$ cat coords.txt   # compact mmCIF, C-alpha atoms and all ligand atoms
# COMPACT_ATOMS: atom_id res chain seq x y z
CA MET A 24 27.32 -16.28 -12.44
CA ARG A 25 24.28 -14.16 -13.32
CA VAL A 26 20.94 -15.72 -12.44
CA LEU A 27 17.53 -14.49 -13.47
CA GLY A 28 14.99 -15.21 -10.71
CA ILE A 29 11.26 -15.58 -11.33
CA GLU A 30 8.59 -15.66 -8.61
CA THR A 31 4.93 -16.35 -9.48
CA SER A 32 3.71 -18.63 -6.67
CA CYS A 33 0.83 -16.46 -5.49
CA ASP A 34 -0.23 -12.87 -6.14
CA GLU A 35 3.06 -11.09 -6.86
CA THR A 36 5.01 -11.34 -10.10
CA GLY A 37 8.65 -10.87 -9.11
CA VAL A 38 11.74 -10.86 -11.32
CA ALA A 39 15.37 -10.09 -10.44
CA LEU A 40 18.89 -10.50 -11.72
CA TYR A 41 21.49 -11.63 -9.17
CA ASP A 42 25.22 -11.76 -9.83
CA SER A 43 27.29 -14.06 -7.59
CA GLU A 44 30.16 -11.55 -7.65
CA HIS A 45 28.40 -8.19 -7.70
CA GLY A 46 25.18 -9.00 -5.82
CA LEU A 47 21.72 -7.90 -6.87
CA LEU A 48 21.85 -6.10 -10.23
CA SER A 49 18.17 -5.23 -10.64
CA ASP A 50 14.69 -6.29 -9.63
CA ALA A 51 11.06 -5.55 -10.43
CA LEU A 52 7.77 -6.48 -8.85
CA TYR A 53 4.17 -6.32 -9.90
CA SER A 54 1.61 -6.82 -7.15
CA GLN A 55 -1.88 -8.11 -7.95
CA VAL A 56 -3.06 -7.22 -4.45
CA LYS A 57 -5.52 -4.53 -5.60
CA MET A 58 -7.21 -6.89 -8.05
CA HIS A 59 -7.72 -9.62 -5.42
CA ALA A 60 -8.72 -7.19 -2.63
CA GLU A 61 -12.11 -6.84 -4.28
CA TYR A 62 -12.73 -10.56 -3.61
CA GLY A 63 -11.29 -10.59 -0.08
CA GLY A 64 -8.53 -13.04 -1.03
CA VAL A 65 -6.49 -14.43 -3.91
CA VAL A 66 -8.54 -15.80 -6.84
CA PRO A 67 -6.23 -18.47 -8.36
CA GLU A 68 -7.37 -18.24 -11.99
CA LEU A 69 -7.11 -14.43 -12.02
CA ALA A 70 -3.65 -14.73 -10.48
CA SER A 71 -2.40 -17.08 -13.24
CA ARG A 72 -3.75 -14.83 -16.00
CA ASP A 73 -2.15 -11.75 -14.52
CA HIS A 74 1.22 -13.52 -14.22
CA VAL A 75 0.96 -14.37 -17.94
CA ARG A 76 0.35 -10.70 -18.72
CA LYS A 77 3.10 -9.28 -16.56
CA LEU A 78 5.97 -11.76 -16.53
CA LEU A 79 7.63 -11.08 -19.90
CA PRO A 80 7.41 -7.26 -19.56
CA LEU A 81 8.99 -7.56 -16.11
CA ILE A 82 11.83 -9.73 -17.43
CA ARG A 83 12.50 -7.09 -20.09
CA GLU A 84 12.39 -4.36 -17.45
CA VAL A 85 14.88 -6.14 -15.20
CA MET A 86 17.36 -6.70 -18.04
CA ALA A 87 17.00 -3.08 -19.19
CA LYS A 88 17.55 -1.76 -15.65
CA ALA A 89 20.72 -3.87 -15.42
CA GLY A 90 21.81 -2.58 -18.85
CA LEU A 91 22.25 -6.14 -20.11
CA ALA A 92 20.88 -8.28 -22.94
CA LEU A 93 19.21 -11.61 -22.21
CA ASP A 94 22.28 -13.53 -23.35
CA ALA A 95 24.11 -12.18 -20.28
CA VAL A 96 22.04 -14.60 -18.17
CA ASP A 97 23.97 -17.71 -17.05
CA GLY A 98 21.09 -19.49 -15.34
CA VAL A 99 17.37 -19.20 -14.61
CA ALA A 100 15.74 -19.84 -11.23
CA TYR A 101 11.98 -20.04 -10.85
CA THR A 102 9.74 -20.77 -7.88
CA ALA A 103 8.67 -24.39 -8.23
CA GLY A 104 6.42 -24.46 -5.15
CA PRO A 105 4.67 -24.46 -2.81
CA GLY A 106 1.94 -22.22 -4.18
CA LEU A 107 -1.03 -22.04 -6.55
CA ILE A 108 -0.54 -24.58 -9.35
CA GLY A 109 -1.64 -22.32 -12.23
CA ALA A 110 0.44 -19.43 -10.95
CA LEU A 111 3.49 -21.66 -10.45
CA MET A 112 3.12 -23.11 -13.96
CA VAL A 113 3.44 -19.65 -15.51
CA GLY A 114 6.82 -18.99 -13.88
CA ALA A 115 8.06 -22.55 -14.28
CA SER A 116 7.24 -22.91 -17.97
CA THR A 117 8.48 -19.42 -18.84
CA GLY A 118 11.68 -19.90 -16.83
CA ARG A 119 12.37 -23.34 -18.23
CA ALA A 120 11.68 -22.26 -21.83
CA LEU A 121 13.86 -19.17 -21.48
CA ALA A 122 16.74 -21.28 -20.15
CA LEU A 123 16.31 -23.75 -23.00
CA GLY A 124 16.39 -20.94 -25.55
CA LEU A 125 19.48 -19.41 -23.98
CA GLY A 126 21.21 -22.76 -23.54
CA VAL A 127 21.72 -22.25 -19.80
CA PRO A 128 20.66 -24.36 -16.79
CA ALA A 129 17.37 -23.83 -14.96
CA ILE A 130 16.50 -24.64 -11.38
CA GLY A 131 13.17 -24.89 -9.55
CA VAL A 132 13.47 -23.21 -6.16
CA HIS A 133 11.44 -23.82 -3.00
CA HIS A 134 9.56 -20.62 -2.22
CA MET A 135 10.28 -20.85 1.52
CA GLU A 136 13.98 -21.41 0.86
CA GLY A 137 13.84 -18.15 -1.05
CA HIS A 138 12.29 -16.37 1.96
CA LEU A 139 14.75 -18.04 4.31
CA LEU A 140 17.76 -16.80 2.37
CA ALA A 141 16.43 -13.30 1.58
CA PRO A 142 18.34 -11.72 4.54
CA MET A 143 21.52 -12.86 2.73
CA LEU A 144 20.90 -10.04 0.24
CA GLU A 145 21.50 -7.43 2.97
CA ASN A 146 24.73 -5.92 4.24
CA ASN A 147 26.02 -7.84 7.25
CA PRO A 148 24.19 -11.10 6.41
CA PRO A 149 23.92 -13.97 8.93
CA ALA A 150 26.43 -16.84 8.74
CA PHE A 151 25.47 -20.53 8.96
CA PRO A 152 24.31 -22.06 11.24
CA PHE A 153 21.32 -20.06 12.45
CA VAL A 154 17.73 -20.40 13.66
CA ALA A 155 15.12 -19.13 11.20
CA LEU A 156 11.53 -18.15 11.90
CA LEU A 157 9.57 -18.41 8.65
CA VAL A 158 6.34 -16.47 8.96
CA SER A 159 4.27 -15.97 5.83
CA GLY A 160 0.69 -16.28 4.65
CA GLY A 161 1.07 -20.05 4.25
CA HIS A 162 3.79 -21.06 6.72
CA THR A 163 4.88 -20.63 10.31
CA GLN A 164 8.00 -22.66 10.96
CA LEU A 165 11.08 -22.63 13.14
CA VAL A 166 14.02 -24.13 11.28
CA ARG A 167 17.62 -24.89 12.19
CA VAL A 168 19.66 -23.90 9.13
CA GLU A 169 23.10 -25.50 8.75
CA GLY A 170 23.67 -24.48 5.13
CA ILE A 171 21.93 -24.26 1.76
CA GLY A 172 19.49 -27.19 1.66
CA GLN A 173 20.35 -28.31 5.19
CA TYR A 174 17.19 -27.55 7.09
CA GLU A 175 15.94 -29.19 10.27
CA LEU A 176 12.35 -28.41 11.19
CA LEU A 177 12.20 -27.50 14.89
CA GLY A 178 8.52 -26.62 15.06
CA GLU A 179 5.60 -25.40 12.97
CA SER A 180 2.00 -24.31 13.12
CA LEU A 181 -0.43 -27.16 13.59
CA ASP A 182 -3.20 -25.13 11.92
CA ASP A 183 -3.25 -21.56 10.53
CA ALA A 184 -0.05 -19.73 9.56
CA ALA A 185 0.68 -16.46 11.37
CA GLY A 186 0.05 -14.37 8.23
CA GLU A 187 -3.18 -16.24 7.58
CA ALA A 188 -4.29 -15.44 11.16
CA PHE A 189 -3.55 -11.74 10.53
CA ASP A 190 -5.55 -11.88 7.29
CA LYS A 191 -8.53 -13.65 8.88
CA ALA A 192 -8.58 -11.38 11.94
CA ALA A 193 -8.51 -8.39 9.58
CA LYS A 194 -11.47 -9.75 7.66
CA MET A 195 -13.44 -10.11 10.93
CA LEU A 196 -12.76 -6.44 11.62
CA GLY A 197 -13.93 -5.52 8.12
CA LEU A 198 -10.44 -4.67 6.83
CA ASP A 199 -9.17 -5.40 3.32
CA TYR A 200 -6.88 -8.21 2.11
CA PRO A 201 -4.02 -8.70 2.87
CA GLY A 202 -4.82 -7.73 6.43
CA GLY A 203 -1.41 -8.04 8.11
CA PRO A 204 -0.14 -4.54 7.28
CA LEU A 205 -3.61 -3.04 7.98
CA ILE A 206 -3.86 -4.64 11.43
CA ALA A 207 -0.33 -3.42 12.18
CA LYS A 208 -1.26 0.13 11.16
CA LEU A 209 -4.51 0.10 13.15
CA ALA A 210 -2.73 -1.37 16.19
CA LEU A 211 -0.55 1.77 16.41
CA GLN A 212 -3.67 3.68 17.59
CA GLY A 213 -4.65 0.94 20.04
CA GLU A 214 -4.59 1.14 23.81
CA ARG A 215 -2.30 -1.65 24.91
CA GLY A 216 -3.78 -3.81 27.67
CA ARG A 217 -7.47 -3.01 27.19
CA TYR A 218 -7.95 -6.53 25.85
CA ARG A 219 -5.74 -9.50 26.56
CA PHE A 220 -5.72 -12.32 24.00
CA PRO A 221 -4.30 -15.80 24.76
CA ARG A 222 -0.74 -16.83 23.81
CA PRO A 223 -1.54 -20.27 22.37
CA MET A 224 0.66 -23.26 23.21
CA THR A 225 3.24 -21.23 25.13
CA ASP A 226 2.53 -22.97 28.44
CA ARG A 227 3.66 -26.36 27.16
CA PRO A 228 7.10 -27.46 26.00
CA GLY A 229 8.01 -27.66 22.33
CA LEU A 230 8.27 -25.30 19.39
CA ASP A 231 4.97 -25.84 17.60
CA PHE A 232 2.36 -23.12 17.13
CA SER A 233 -1.41 -22.91 16.82
CA PHE A 234 -3.20 -19.76 15.68
CA SER A 235 -6.73 -20.95 14.93
CA GLY A 236 -7.94 -20.41 18.54
CA LEU A 237 -6.77 -16.82 18.37
CA LYS A 238 -8.98 -16.35 15.34
CA THR A 239 -12.05 -17.56 17.27
CA PHE A 240 -11.09 -15.33 20.21
CA THR A 241 -10.89 -12.35 17.85
CA LEU A 242 -14.29 -13.15 16.35
CA ASN A 243 -15.93 -13.42 19.79
CA THR A 244 -14.28 -10.22 21.01
CA ALA A 245 -15.30 -8.33 17.87
CA ASN A 246 -18.89 -9.59 18.05
CA ALA A 247 -19.19 -8.63 21.72
CA ALA A 248 -17.97 -5.12 20.86
CA ARG A 249 -20.57 -4.47 18.14
CA ASP A 250 -23.37 -2.00 18.82
CA ALA A 251 -27.03 -2.59 17.87
CA ASP A 252 -26.19 -1.80 14.21
CA GLY A 253 -23.27 -4.24 14.19
CA VAL A 254 -20.70 -1.44 14.18
CA ILE A 255 -17.49 -1.43 16.25
CA ASP A 256 -16.27 2.04 17.27
CA PRO A 257 -12.86 3.01 15.81
CA GLN A 258 -10.99 3.05 19.15
CA THR A 259 -12.25 -0.43 20.04
CA MET A 260 -11.23 -1.67 16.56
CA ALA A 261 -7.71 -0.36 17.19
CA ASP A 262 -7.64 -1.89 20.69
CA ILE A 263 -8.63 -5.30 19.31
CA ALA A 264 -6.04 -5.05 16.51
CA CYS A 265 -3.42 -4.14 19.10
CA ALA A 266 -4.32 -7.06 21.40
CA PHE A 267 -4.35 -9.48 18.46
CA GLU A 268 -0.97 -8.32 17.17
CA ASP A 269 0.50 -8.48 20.68
CA ALA A 270 -0.70 -12.06 21.10
CA VAL A 271 0.80 -13.25 17.79
CA VAL A 272 4.06 -11.35 18.34
CA GLU A 273 4.43 -12.51 21.94
CA THR A 274 3.74 -16.14 20.98
CA LEU A 275 6.35 -16.00 18.21
CA ALA A 276 8.84 -14.29 20.54
CA ILE A 277 8.46 -16.91 23.28
CA LYS A 278 9.09 -19.74 20.80
CA CYS A 279 12.02 -17.98 19.15
CA ARG A 280 13.69 -17.51 22.51
CA ARG A 281 13.09 -21.16 23.31
CA ALA A 282 14.57 -22.21 19.94
CA LEU A 283 17.72 -20.16 20.57
CA GLN A 284 18.09 -21.68 24.04
CA GLN A 285 17.47 -25.25 22.80
CA THR A 286 19.90 -25.07 19.89
CA GLY A 287 22.49 -22.87 21.60
CA LEU A 288 22.70 -20.88 18.33
CA LYS A 289 23.31 -17.14 18.50
CA GLN A 290 21.69 -15.90 15.30
CA LEU A 291 17.99 -15.53 14.63
CA VAL A 292 16.75 -14.91 11.09
CA ILE A 293 13.15 -13.88 10.46
CA ALA A 294 11.71 -14.15 6.97
CA GLY A 295 8.42 -14.12 5.07
CA GLY A 296 5.68 -11.49 4.91
CA VAL A 297 5.06 -11.25 8.66
CA SER A 298 8.76 -10.50 9.28
CA ALA A 299 7.94 -7.03 7.91
CA ASN A 300 5.91 -6.44 11.10
CA GLN A 301 7.54 -3.64 13.09
CA ARG A 302 6.29 -4.80 16.47
CA LEU A 303 7.64 -8.31 15.84
CA ARG A 304 11.05 -6.87 14.95
CA GLU A 305 11.11 -4.71 18.09
CA ARG A 306 10.06 -7.56 20.36
CA LEU A 307 12.60 -9.97 18.84
CA ASP A 308 15.28 -7.32 19.25
CA GLU A 309 14.67 -7.53 23.00
CA VAL A 310 14.76 -11.35 22.88
CA VAL A 311 18.11 -11.55 21.07
CA LYS A 312 19.61 -8.98 23.44
CA LYS A 313 18.68 -11.16 26.41
CA GLU A 314 20.12 -14.21 24.63
CA ARG A 315 23.25 -12.32 23.49
CA ALA A 316 22.36 -13.22 19.93
CA GLY A 317 21.88 -11.31 16.66
CA LEU A 318 18.68 -10.62 14.72
CA PHE A 319 18.61 -10.62 10.90
CA TYR A 320 15.89 -9.74 8.44
CA ALA A 321 15.50 -8.56 4.87
CA ARG A 322 14.59 -5.02 3.80
CA HIS A 323 10.83 -4.46 3.75
CA GLU A 324 10.20 -5.25 0.07
CA PHE A 325 12.15 -8.52 0.30
CA CYS A 326 10.15 -9.80 3.32
CA THR A 327 7.08 -10.37 1.15
CA ASP A 328 7.22 -12.28 -2.15
CA ASN A 329 9.86 -11.08 -4.63
CA GLY A 330 12.12 -12.27 -7.43
CA ALA A 331 15.40 -11.35 -5.72
CA MET A 332 15.16 -14.10 -3.10
CA ILE A 333 14.52 -16.70 -5.83
CA ALA A 334 17.44 -15.44 -7.94
CA TYR A 335 19.71 -15.61 -4.88
CA ALA A 336 18.61 -19.09 -3.74
CA GLY A 337 18.74 -20.42 -7.32
CA CYS A 338 22.22 -18.98 -7.81
CA GLN A 339 23.54 -20.76 -4.71
CA ARG A 340 22.11 -24.07 -5.92
CA LEU A 341 23.32 -23.66 -9.51
CA LEU A 342 26.81 -22.80 -8.20
CA ALA A 343 26.66 -26.05 -6.22
CA GLY A 344 26.12 -27.87 -9.53
CA GLN A 345 22.42 -28.58 -9.11
CA ASN A 346 19.76 -28.01 -11.76
CA SER A 347 16.30 -29.25 -12.67
CA ASP A 348 17.18 -30.60 -16.16
CA LEU A 349 14.39 -30.14 -18.67
CA THR A 350 11.66 -30.70 -16.11
CA ILE A 351 9.06 -27.99 -15.67
CA LEU A 352 8.89 -28.35 -11.92
CA ALA A 353 5.70 -27.17 -10.20
CA ARG A 354 4.73 -28.61 -6.82
CA PRO A 355 1.75 -26.91 -5.10
CA ARG A 356 2.58 -28.83 -1.88
CA TRP A 357 6.23 -29.25 -1.10
CA PRO A 358 7.80 -29.55 2.36
CA LEU A 359 10.99 -27.54 2.84
O1 LIG A 401 5.59 -14.08 2.29
P1 LIG A 401 4.33 -13.50 1.80
O2 LIG A 401 4.38 -12.27 0.95
O3 LIG A 401 3.51 -14.56 0.98
C1 LIG A 401 3.47 -15.90 1.32
O4 LIG A 401 4.43 -16.64 0.99
O5 LIG A 401 2.47 -16.26 1.99
O6 LIG A 401 3.44 -13.22 3.09
C2 LIG A 401 2.19 -12.62 3.02
C3 LIG A 401 1.61 -12.54 4.43
C4 LIG A 401 0.17 -12.07 4.45
O7 LIG A 401 -0.57 -12.94 5.27
C5 LIG A 401 0.26 -10.67 5.04
O8 LIG A 401 -0.89 -10.29 5.77
C6 LIG A 401 1.45 -10.80 5.95
O9 LIG A 401 2.36 -11.60 5.24
N1 LIG A 401 2.08 -9.49 6.26
C7 LIG A 401 2.10 -8.94 7.50
C8 LIG A 401 2.75 -7.68 7.37
N2 LIG A 401 3.10 -7.52 6.06
C9 LIG A 401 2.68 -8.65 5.41
N3 LIG A 401 1.64 -9.39 8.68
C10 LIG A 401 1.79 -8.60 9.75
N4 LIG A 401 2.38 -7.39 9.72
C11 LIG A 401 2.87 -6.89 8.55
N5 LIG A 401 3.46 -5.69 8.53
ZN ZN A 402 5.99 -15.94 0.31
$ encode --input "coords.txt" --output "structure tokens"
Amino acid sequence: MRVLGIETSCDETGVALYDSEHGLLSDALYSQVKMHAEYGGVVPELASRDHVRKLLPLIREVMAKAGLALDAVDGVAYTAGPGLIGALMVGASTGRALALGLGVPAIGVHHMEGHLLAPMLENNPPAFPFVALLVSGGHTQLVRVEGIGQYELLGESLDDAAGEAFDKAAKMLGLDYPGGPLIAKLALQGERGRYRFPRPMTDRPGLDFSFSGLKTFTLNTANAARDADGVIDPQTMADIACAFEDAVVETLAIKCRRALQQTGLKQLVIAGGVSANQRLRERLDEVVKKERAGLFYARHEFCTDNGAMIAYAGCQRLLAGQNSDLTILARPRWPL
């Protein structure tokens, strides 16, 4: 079965064609990041309009790259939520209409299910069951995954998501949006140990997270480091970035280890934008070694939003006989 996947939940237009027998045939991505950077965050109306402009050309590009005509598509999967309503509507209505025109089924996919299953697109994918850490701009969750659609929430952030904390900390340091990759880059120049940030909620039992205190700690540290003109010297900036990243990574690592121990599972999957973080990957590598477990993640470009993960997740659900009928499904808030 060949499934066309469409992702438009936020600021990336992603399209891909996945074949259940031959794997990923082609994919294309257009990022709006530069446009939103000017405003320090995603502007919803601008996002919707840009998806409208880019989606059809990307669908054409993906089919051309695969060397196939549109009638080779057996099903259409689109991100139905969670996300920005206008942005979601573009993908949902286009996907649903395309499926109707082609006479094939369509399915609305949960964006976080897409992230969760993205490591399945790699060689040597994880096998069910496994523990998944979902870390994106909107979510921080630990999930026990038994199979497609069988998800048990083990813990989640009570306030900011990990990616959101990265973005906000970056803003405080005067860095652009999205700040995660910029903090990570700056942290490479940092002197580890000059500052020590708290590891929130690690001293009590349970698998929930809280990152809003870390944000306040970053703000206070940054303000204390400013000179009379309000400027922070470059080395101190890097030291703060390094201490912030360490605190987030260490907090995630402690909870991941706890989740592996609690469930007795031996596979840890990390997914979502923050799973692209090199320090997180290195630290979790140490954790899984200690727990005699395996670590799985997607290639860099499939950690952040993309069409391939939606095509894959949609294909699994369509193969299981599910579809979203003629509904144009768009749910800005939607628990996994
Ligand atoms: O999954 P994603 O592309 O979109 C959402 O579903 O939210 O995640 C985007 C988030 C942003 O907050 C971004 O700053 C963060 O992932 N991110 C990173 C890195 N790359 C992306 N955070 C830390 N280190 C990175 N290398
Ligand atoms: Zn995402």
$ residues_near_ligand --input "coords.txt" --ligand "ligand ZN 402 (chain A)" --cutoff "9 Å" --atoms "only C-alpha atoms and all ligand atoms" --output "VMD selection string"
chain A and resid 32 to 33 106 134 to 135 137 to 138 158 to 162 294 to 296 326 to 329
$ residues_around --input "coords.txt" --residues "segment 247-261 of chain A" --least-positions-apart "2" --cutoff "10 Å" --atoms "all atoms listed in the file" --output "number ranges by chain"
A: 196-197, 206-215, 217-218, 241-245, 263-267
$ write_last_selection --input "coords.txt" --atoms "C-alpha atoms" --output "PDB file, in the coordinates of the input"
ATOM      1  CA  LEU A 196     -12.760  -6.440  11.620  1.00  0.00           C
ATOM      2  CA  GLY A 197     -13.930  -5.520   8.120  1.00  0.00           C
ATOM      3  CA  ILE A 206      -3.860  -4.640  11.430  1.00  0.00           C
ATOM      4  CA  ALA A 207      -0.330  -3.420  12.180  1.00  0.00           C
ATOM      5  CA  LYS A 208      -1.260   0.130  11.160  1.00  0.00           C
ATOM      6  CA  LEU A 209      -4.510   0.100  13.150  1.00  0.00           C
ATOM      7  CA  ALA A 210      -2.730  -1.370  16.190  1.00  0.00           C
ATOM      8  CA  LEU A 211      -0.550   1.770  16.410  1.00  0.00           C
ATOM      9  CA  GLN A 212      -3.670   3.680  17.590  1.00  0.00           C
ATOM     10  CA  GLY A 213      -4.650   0.940  20.040  1.00  0.00           C
ATOM     11  CA  GLU A 214      -4.590   1.140  23.810  1.00  0.00           C
ATOM     12  CA  ARG A 215      -2.300  -1.650  24.910  1.00  0.00           C
ATOM     13  CA  ARG A 217      -7.470  -3.010  27.190  1.00  0.00           C
ATOM     14  CA  TYR A 218      -7.950  -6.530  25.850  1.00  0.00           C
ATOM     15  CA  THR A 241     -10.890 -12.350  17.850  1.00  0.00           C
ATOM     16  CA  LEU A 242     -14.290 -13.150  16.350  1.00  0.00           C
ATOM     17  CA  ASN A 243     -15.930 -13.420  19.790  1.00  0.00           C
ATOM     18  CA  THR A 244     -14.280 -10.220  21.010  1.00  0.00           C
ATOM     19  CA  ALA A 245     -15.300  -8.330  17.870  1.00  0.00           C
ATOM     20  CA  ILE A 263      -8.630  -5.300  19.310  1.00  0.00           C
ATOM     21  CA  ALA A 264      -6.040  -5.050  16.510  1.00  0.00           C
ATOM     22  CA  CYS A 265      -3.420  -4.140  19.100  1.00  0.00           C
ATOM     23  CA  ALA A 266      -4.320  -7.060  21.400  1.00  0.00           C
ATOM     24  CA  PHE A 267      -4.350  -9.480  18.460  1.00  0.00           C
TER      25      PHE A 267
END
$ atom_distance --input "coords.txt" --atom1 "atom CA of Thr31 of chain A" --atom2 "atom CA of Ala100 of chain A"
11.5 Å
$ residues_around --input "coords.txt" --residues "Leu91 of chain A" --least-positions-apart "5" --cutoff "12 Å" --atoms "all atoms listed in the file" --output "NGL selection string"
:A and (25 or 27 or 40 or 48-49 or 82-86 or 96)
$ residues_around --input "coords.txt" --residues "segment 171-175 of chain A" --least-positions-apart "2" --cutoff "9 Å" --atoms "all atoms listed in the file" --output "PyMOL selection string"
chain A and resi 136+140+151+165-169+177+336+339-340+359
$ atom_distance --input "coords.txt" --atom1 "atom CA of Ile29 of chain A" --atom2 "atom CA of Thr117 of chain A"
8.9 Å
$ closest_residue --input "coords.txt" --among "A:Ser347, A:Leu78, A:Lys313, A:Ser54" --to "Ala122 of chain A" --atoms "only C-alpha atoms"
A:Ser347
$ residues_around --input "coords.txt" --residues "segment 180-191 of chain A" --least-positions-apart "6" --cutoff "7 Å" --atoms "all atoms listed in the file" --output "PyMOL selection string"
chain A and resi 158-164+200-203+231-235+238+297
$ closest_residue --input "coords.txt" --among "A:Pro221, A:Gly46, A:Gly90, A:Pro204" --to "ligand LIG 401 (chain A)" --atoms "all atoms listed in the file"
A:Pro204
$ atom_distance --input "coords.txt" --atom1 "atom CA of Val154 of chain A" --atom2 "atom CA of Leu275 of chain A"
13.0 Å
$ closest_residue --input "coords.txt" --among "A:Asn300, A:Thr350, A:Gln345, A:Thr225" --to "ligand LIG 401 (chain A)" --atoms "all atoms listed in the file"
A:Asn300
$ closest_residue --input "coords.txt" --among "A:Leu125, A:Leu291, A:Ile333, A:Ala39" --to "Phe153 of chain A" --atoms "all atoms listed in the file"
A:Leu291
$ closest_residue --input "coords.txt" --among "A:Gly170, A:Gly124, A:Gly109, A:Gly330" --to "ligand LIG 401 (chain A)" --atoms "only C-alpha atoms and all ligand atoms"
A:Gly330
$ closest_residue --input "coords.txt" --among "A:Asn246, A:Lys312, A:Arg219, A:Met224" --to "Glu268 of chain A" --atoms "all atoms listed in the file"
A:Arg219
$ decode --input "coords.txt" --residues "segment 274-279 of chain A" --atoms "all heavy atoms" --output "PDB file, in the first residue's frame"
ATOM      1  N   THR A 274      17.626  15.870  33.618  1.00  0.00           N
ATOM      2  CA  THR A 274      16.275  15.608  34.121  1.00  0.00           C
ATOM      3  C   THR A 274      15.581  14.545  33.264  1.00  0.00           C
ATOM      4  O   THR A 274      14.979  13.601  33.785  1.00  0.00           O
ATOM      5  CB  THR A 274      15.445  16.917  34.099  1.00  0.00           C
ATOM      6  OG1 THR A 274      16.152  17.897  34.858  1.00  0.00           O
ATOM      7  CG2 THR A 274      14.071  16.725  34.677  1.00  0.00           C
ATOM      8  N   LEU A 275      15.690  14.684  31.950  1.00  0.00           N
ATOM      9  CA  LEU A 275      15.070  13.701  31.049  1.00  0.00           C
ATOM     10  C   LEU A 275      15.716  12.333  31.246  1.00  0.00           C
ATOM     11  O   LEU A 275      15.033  11.303  31.280  1.00  0.00           O
ATOM     12  CB  LEU A 275      15.208  14.150  29.584  1.00  0.00           C
ATOM     13  CG  LEU A 275      14.439  15.424  29.187  1.00  0.00           C
ATOM     14  CD1 LEU A 275      14.811  15.866  27.769  1.00  0.00           C
ATOM     15  CD2 LEU A 275      12.928  15.209  29.280  1.00  0.00           C
ATOM     16  N   ALA A 276      17.045  12.319  31.410  1.00  0.00           N
ATOM     17  CA  ALA A 276      17.769  11.052  31.546  1.00  0.00           C
ATOM     18  C   ALA A 276      17.366  10.326  32.827  1.00  0.00           C
ATOM     19  O   ALA A 276      17.156   9.099  32.810  1.00  0.00           O
ATOM     20  CB  ALA A 276      19.271  11.309  31.528  1.00  0.00           C
ATOM     21  N   ILE A 277      17.232  11.066  33.913  1.00  0.00           N
ATOM     22  CA  ILE A 277      16.852  10.444  35.195  1.00  0.00           C
ATOM     23  C   ILE A 277      15.475   9.783  35.071  1.00  0.00           C
ATOM     24  O   ILE A 277      15.266   8.647  35.481  1.00  0.00           O
ATOM     25  CB  ILE A 277      16.854  11.510  36.329  1.00  0.00           C
ATOM     26  CG1 ILE A 277      18.300  11.920  36.642  1.00  0.00           C
ATOM     27  CG2 ILE A 277      16.152  10.989  37.574  1.00  0.00           C
ATOM     28  CD1 ILE A 277      18.433  13.159  37.529  1.00  0.00           C
ATOM     29  N   LYS A 278      14.539  10.490  34.428  1.00  0.00           N
ATOM     30  CA  LYS A 278      13.178   9.954  34.302  1.00  0.00           C
ATOM     31  C   LYS A 278      13.119   8.784  33.313  1.00  0.00           C
ATOM     32  O   LYS A 278      12.344   7.854  33.486  1.00  0.00           O
ATOM     33  CB  LYS A 278      12.198  11.050  33.872  1.00  0.00           C
ATOM     34  CG  LYS A 278      12.099  12.214  34.844  1.00  0.00           C
ATOM     35  CD  LYS A 278      11.282  11.874  36.073  1.00  0.00           C
ATOM     36  CE  LYS A 278      11.507  12.888  37.169  1.00  0.00           C
ATOM     37  NZ  LYS A 278      10.316  13.451  37.765  1.00  0.00           N
ATOM     38  N   CYS A 279      13.925   8.845  32.271  1.00  0.00           N
ATOM     39  CA  CYS A 279      13.947   7.733  31.307  1.00  0.00           C
ATOM     40  C   CYS A 279      14.457   6.465  31.980  1.00  0.00           C
ATOM     41  O   CYS A 279      13.928   5.376  31.777  1.00  0.00           O
ATOM     42  CB  CYS A 279      14.844   8.064  30.109  1.00  0.00           C
ATOM     43  SG  CYS A 279      14.063   9.161  28.937  1.00  0.00           S
TER      44      CYS A 279
END
